[in-house]
Every structure is written in structure tokens, then in C-alpha cells.
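**Q** One structure is given below, represented as C-alpha cells, and several questions about it will come after.
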Amino acid sequence: MPHRYFVHLAYRGTHYRGWQRQSGNTVSVQETIERAVTQVQSSPVKAVGCGRTDAGVHASDYYLHFDSEQPLRDNWLFIVNKLLPDDIVLYRVWEVDSGAHVRYDARERTYDYFIHTQADPFLAPLSSLYEMEGYDFTTMQGACALLTGHHDFRAFCLTPDRHNTTTCELREASLHDEGEGRYRFRFVADRFLRGMIRIFVFQLLRVGQGRVTPEEIKRALETGQRLGVGQARPEGLFLSKVEY
């Protein structure tokens with residue numbers, strides 16, 4: 001009977017084509033971890049992630065599980081981390097029941113989207129640069145409140161027809177002024193759809209510019225009709241908390 005292990009980790013997604021393994025010469029976080037763990041376990045290992053992140057998107061709180069016929073050695077974490085690049089770090093590993101699942105057992109996920117308004121070479125890989133002078137933050141916060149609740153978010157999904165359902169419970173949508181020209185959007189939900197957060201941010205920034213009204217946000221929720229095509233840039237987005 002194989003052993004099943006959960007792993008708590010984090011990664012900087014700048015140099016990866018997202019979490020999921022892909023065909024061709026693209027490099028994914030999943031494939032990179034699988035290669036290191038397979039080397040240590042001396043047998044092929046498939047890592048199952050708690051969710052998918054797009055190319056360039058980061059995770060400061062992420063979980064995967066894998067099965068292995070071989071139990072883990074005492075210094076397993078140290079050895080695997082030595083094999084991994086510096087932008088992926090495994091924090092903890094522990095054995096779980098064979099039916100435990102990092103994706104299906106997750107009850108809540110939190111995403112943060114970071115924005116800076118002055119060019120900064122140290123923030124650039126981990127935050128998105130936007131010119132936000134003159135934005136109406138009160139109206140943006142009001143639009144955030146409209147998004148919260150149990151809704152059909154078809155209008156805020158890149159590929160709605162690929163999902164069994166586009167209904168989610170968005171428990172928090174908020175905008176925070178971090179000071180010194182830095183801002184953070186936070187979204188908390190039971191589940192998220194493909195592209196959902198970056199579409200949220202794109203449309204909320206348009207609200208701040210006066211190009212979209214809160215009423216149009218509300219109508220999009222009711223009708224499922226997209227408010228034009230566009231997403232915020234990936235580098236500001238973090239999967240920052242997963243609750244089980």
C-alpha cells in the first residue's frame with residue numbers, strides 16, 4: 001500500500017509557465033518538483049496540486065500531495081530543497097490517509113493582488129506597476145462589495161464552459177491602501193474559476209478610472225455577459241492562503 005504525503009510549500013512563479021505540467025519545452029512548477037522528488041524516491045512520482053496558477057503567478061501558501069511506495073528518509077526535506085531551484089521551497093511534509101486530497105479537501109482559498117505606482121526594480125517581479133493617480137478608490141471599494149456573496153461568476157471567467165459550474169461563494173473582495181503608493185486587492189472564496197482574479201482586478205481598475213460603473217459590474221453578475229476582454233498582469237498575483 002503506497003504512502004500518501006502532503007507537502008506545504010511556496011514558489012515564485014516568474015520563471016514558470018504556471019503550476020501545471022505542460023507539453024513541449026515549457027517549464028512548470030509541478031514538473032520541477034516531480035523531477036526532484038522522483039530522484040530522491042528513486043521511482044516516478046506524480047505531484048497533485050491544491051490548484052492551478054497561471055504563468056508568472058506566485059504562491060506563498062501552497063499544498064501538494066504525492067504517493068510513494070517508499071517511506072521518506074529523515075532528512076527528506078533538506079535533500080529535496082537542495083535539488084530544487086531557489087524559487088521553490090518546501091516547508092513541511094507529513095503522511096496522511098490515503099483518501100486525503102489537497103484540492104478537493106480545501107475549504108477556502110485566499111488570493112492577494114499587489115500593485116505599486118512607482119517603478120521599483122525590487123518590486124517588479126512580485127507586484128504590478130499601475131499609474132493610479134486620480135482613481136476613485138471609494139467607488140472601487142463599493143464595486144468590491146457588489147462582488148461578494150454567492151453568485152454565478154460566468155462573466156468573470158476566461159473559459160466558463162470548461163467548468164461544471166461557474167457559481168462560487170466569494171467571502172471577501174477588498175482593496176487596501178498599503179501606503180507609499182502600494183495597494184493590495186484581497187479575494188477569499190470557496191473556489192475560483194480560471195482567470196477570475198485577474199479579470200476582477202482588471203475590471204475594478206476600470207471602475208476606478210470611471211470606465212466601468214458599479215451598476216455594470218452588478219449587471220454582469222446578473223446576466224453573465226463579459227464587460228469586454230482583458231486581465232490584469234500576472235506578476236502581482238499570489239495564492240496566499242489555503243484552508244483545510
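Labels used: A, B, ... for chains in the order of the C-alpha cells, numbers from 1 for residues in each chain, and numbers from 1 for ligands as shown.
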Env of Thr165 of chain A: 12 Å cut, atoms = only C-alpha atoms, seq-sep filter 6 positions within chain, self excluded. Answer as an NGL selection string.

**A** :A and (151-154 or 157 or 159 or 191-194)

**Q** DSSP on the backbone, then: every residue of segment 183-238 of chain A marked alpha helix (DSSP H), written as a JSON list (two decimals) with N, CA and C atoms, in the first residue's frame.

**A**
[["chain", "number", "residue", "atom", "x", "y", "z"],
["A", 196, "MET", "N", -10.22, 34.26, -13.01],
["A", 196, "MET", "CA", -11.20, 35.05, -12.26],
["A", 196, "MET", "C", -10.58, 36.25, -11.54],
["A", 197, "ILE", "N", -9.50, 36.04, -10.82],
["A", 197, "ILE", "CA", -8.91, 37.13, -10.04],
["A", 197, "ILE", "C", -8.37, 38.23, -10.95],
["A", 198, "ARG", "N", -7.67, 37.86, -11.99],
["A", 198, "ARG", "CA", -7.09, 38.88, -12.87],
["A", 198, "ARG", "C", -8.17, 39.63, -13.64],
["A", 199, "ILE", "N", -9.29, 38.99, -13.93],
["A", 199, "ILE", "CA", -10.42, 39.70, -14.54],
["A", 199, "ILE", "C", -11.05, 40.63, -13.53],
["A", 200, "PHE", "N", -11.23, 40.17, -12.28],
["A", 200, "PHE", "CA", -11.73, 41.05, -11.22],
["A", 200, "PHE", "C", -10.90, 42.33, -11.14],
["A", 201, "VAL", "N", -9.58, 42.16, -11.01],
["A", 201, "VAL", "CA", -8.71, 43.31, -10.82],
["A", 201, "VAL", "C", -8.77, 44.24, -12.03],
["A", 202, "PHE", "N", -8.76, 43.68, -13.23],
["A", 202, "PHE", "CA", -8.83, 44.48, -14.45],
["A", 202, "PHE", "C", -10.10, 45.34, -14.45],
["A", 203, "GLN", "N", -11.23, 44.74, -14.14],
["A", 203, "GLN", "CA", -12.49, 45.48, -14.16],
["A", 203, "GLN", "C", -12.59, 46.47, -13.01],
["A", 204, "LEU", "N", -12.07, 46.13, -11.84],
["A", 204, "LEU", "CA", -12.11, 47.06, -10.71],
["A", 204, "LEU", "C", -11.22, 48.27, -10.97],
["A", 205, "LEU", "N", -10.10, 48.08, -11.63],
["A", 205, "LEU", "CA", -9.27, 49.22, -12.01],
["A", 205, "LEU", "C", -10.00, 50.11, -13.02],
["A", 206, "ARG", "N", -10.76, 49.51, -13.91],
["A", 206, "ARG", "CA", -11.57, 50.29, -14.85],
["A", 206, "ARG", "C", -12.67, 51.07, -14.11],
["A", 207, "VAL", "N", -13.19, 50.49, -13.04],
["A", 207, "VAL", "CA", -14.15, 51.22, -12.20],
["A", 207, "VAL", "C", -13.47, 52.45, -11.61],
["A", 208, "GLY", "N", -12.25, 52.27, -11.11],
["A", 208, "GLY", "CA", -11.52, 53.40, -10.54],
["A", 208, "GLY", "C", -11.25, 54.50, -11.54],
["A", 209, "GLN", "N", -11.11, 54.14, -12.81],
["A", 209, "GLN", "CA", -10.88, 55.12, -13.87],
["A", 209, "GLN", "C", -12.18, 55.77, -14.36],
["A", 214, "PRO", "N", -20.23, 50.70, -11.13],
["A", 214, "PRO", "CA", -20.65, 49.59, -10.26],
["A", 214, "PRO", "C", -21.93, 48.92, -10.77],
["A", 215, "GLU", "N", -22.81, 49.70, -11.37],
["A", 215, "GLU", "CA", -24.05, 49.13, -11.91],
["A", 215, "GLU", "C", -23.74, 48.14, -13.03],
["A", 216, "GLU", "N", -22.72, 48.42, -13.82],
["A", 216, "GLU", "CA", -22.34, 47.49, -14.89],
["A", 216, "GLU", "C", -21.73, 46.21, -14.31],
["A", 217, "ILE", "N", -21.00, 46.33, -13.21],
["A", 217, "ILE", "CA", -20.48, 45.15, -12.53],
["A", 217, "ILE", "C", -21.65, 44.28, -12.06],
["A", 218, "LYS", "N", -22.63, 44.91, -11.44],
["A", 218, "LYS", "CA", -23.80, 44.18, -10.94],
["A", 218, "LYS", "C", -24.56, 43.51, -12.08],
["A", 219, "ARG", "N", -24.69, 44.22, -13.20],
["A", 219, "ARG", "CA", -25.42, 43.67, -14.35],
["A", 219, "ARG", "C", -24.67, 42.48, -14.95],
["A", 220, "ALA", "N", -23.33, 42.56, -14.96],
["A", 220, "ALA", "CA", -22.54, 41.44, -15.48],
["A", 220, "ALA", "C", -22.76, 40.19, -14.62],
["A", 221, "LEU", "N", -22.83, 40.36, -13.31],
["A", 221, "LEU", "CA", -23.11, 39.23, -12.42],
["A", 221, "LEU", "C", -24.47, 38.63, -12.72],
["A", 222, "GLU", "N", -25.45, 39.47, -12.99],
["A", 222, "GLU", "CA", -26.82, 39.01, -13.20],
["A", 222, "GLU", "C", -27.01, 38.34, -14.56],
["A", 223, "THR", "N", -26.32, 38.85, -15.58],
["A", 223, "THR", "CA", -26.54, 38.37, -16.94],
["A", 223, "THR", "C", -25.50, 37.37, -17.42]]

**Q** For a quick check of understanding, using only C-alpha atoms, which of A:Ala232, A:Val7, A:Ala189, A:Val27 has the smallest distance to Tyr111 of chain A?

**A**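 So, comparing all the options, the nearest one is A:Ala189.
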
**Q** With DSSP run on the backbone, what are the strand (DSSP E or B) residues within segment 39-159 of chain A? I'd like them as an MDAnalysis selection string.

**A** chainID A and resid 48:49 58:68 88:96 108:116 128:129 149:152

**Q** Compile the contact shell of Arg103 of chain A as a ChimeraX atom specification: residues with an atom at most 12 Å away, counting only C-alpha atoms, same-chain residues fewer than 4 positions apart removed.

**A** /A:6,47-52,62-65,99,107-109,190-192,242-244

**Q** With a distance cut-off of 7 Å and only C-alpha atoms, select the neighbouring residues of Leu147 of chain A, excluding the residue or stretch itself and same-chain residues fewer than 3 positions from it, and output the selection as a ChimeraX atom specification.

**A** /A:143-144,173
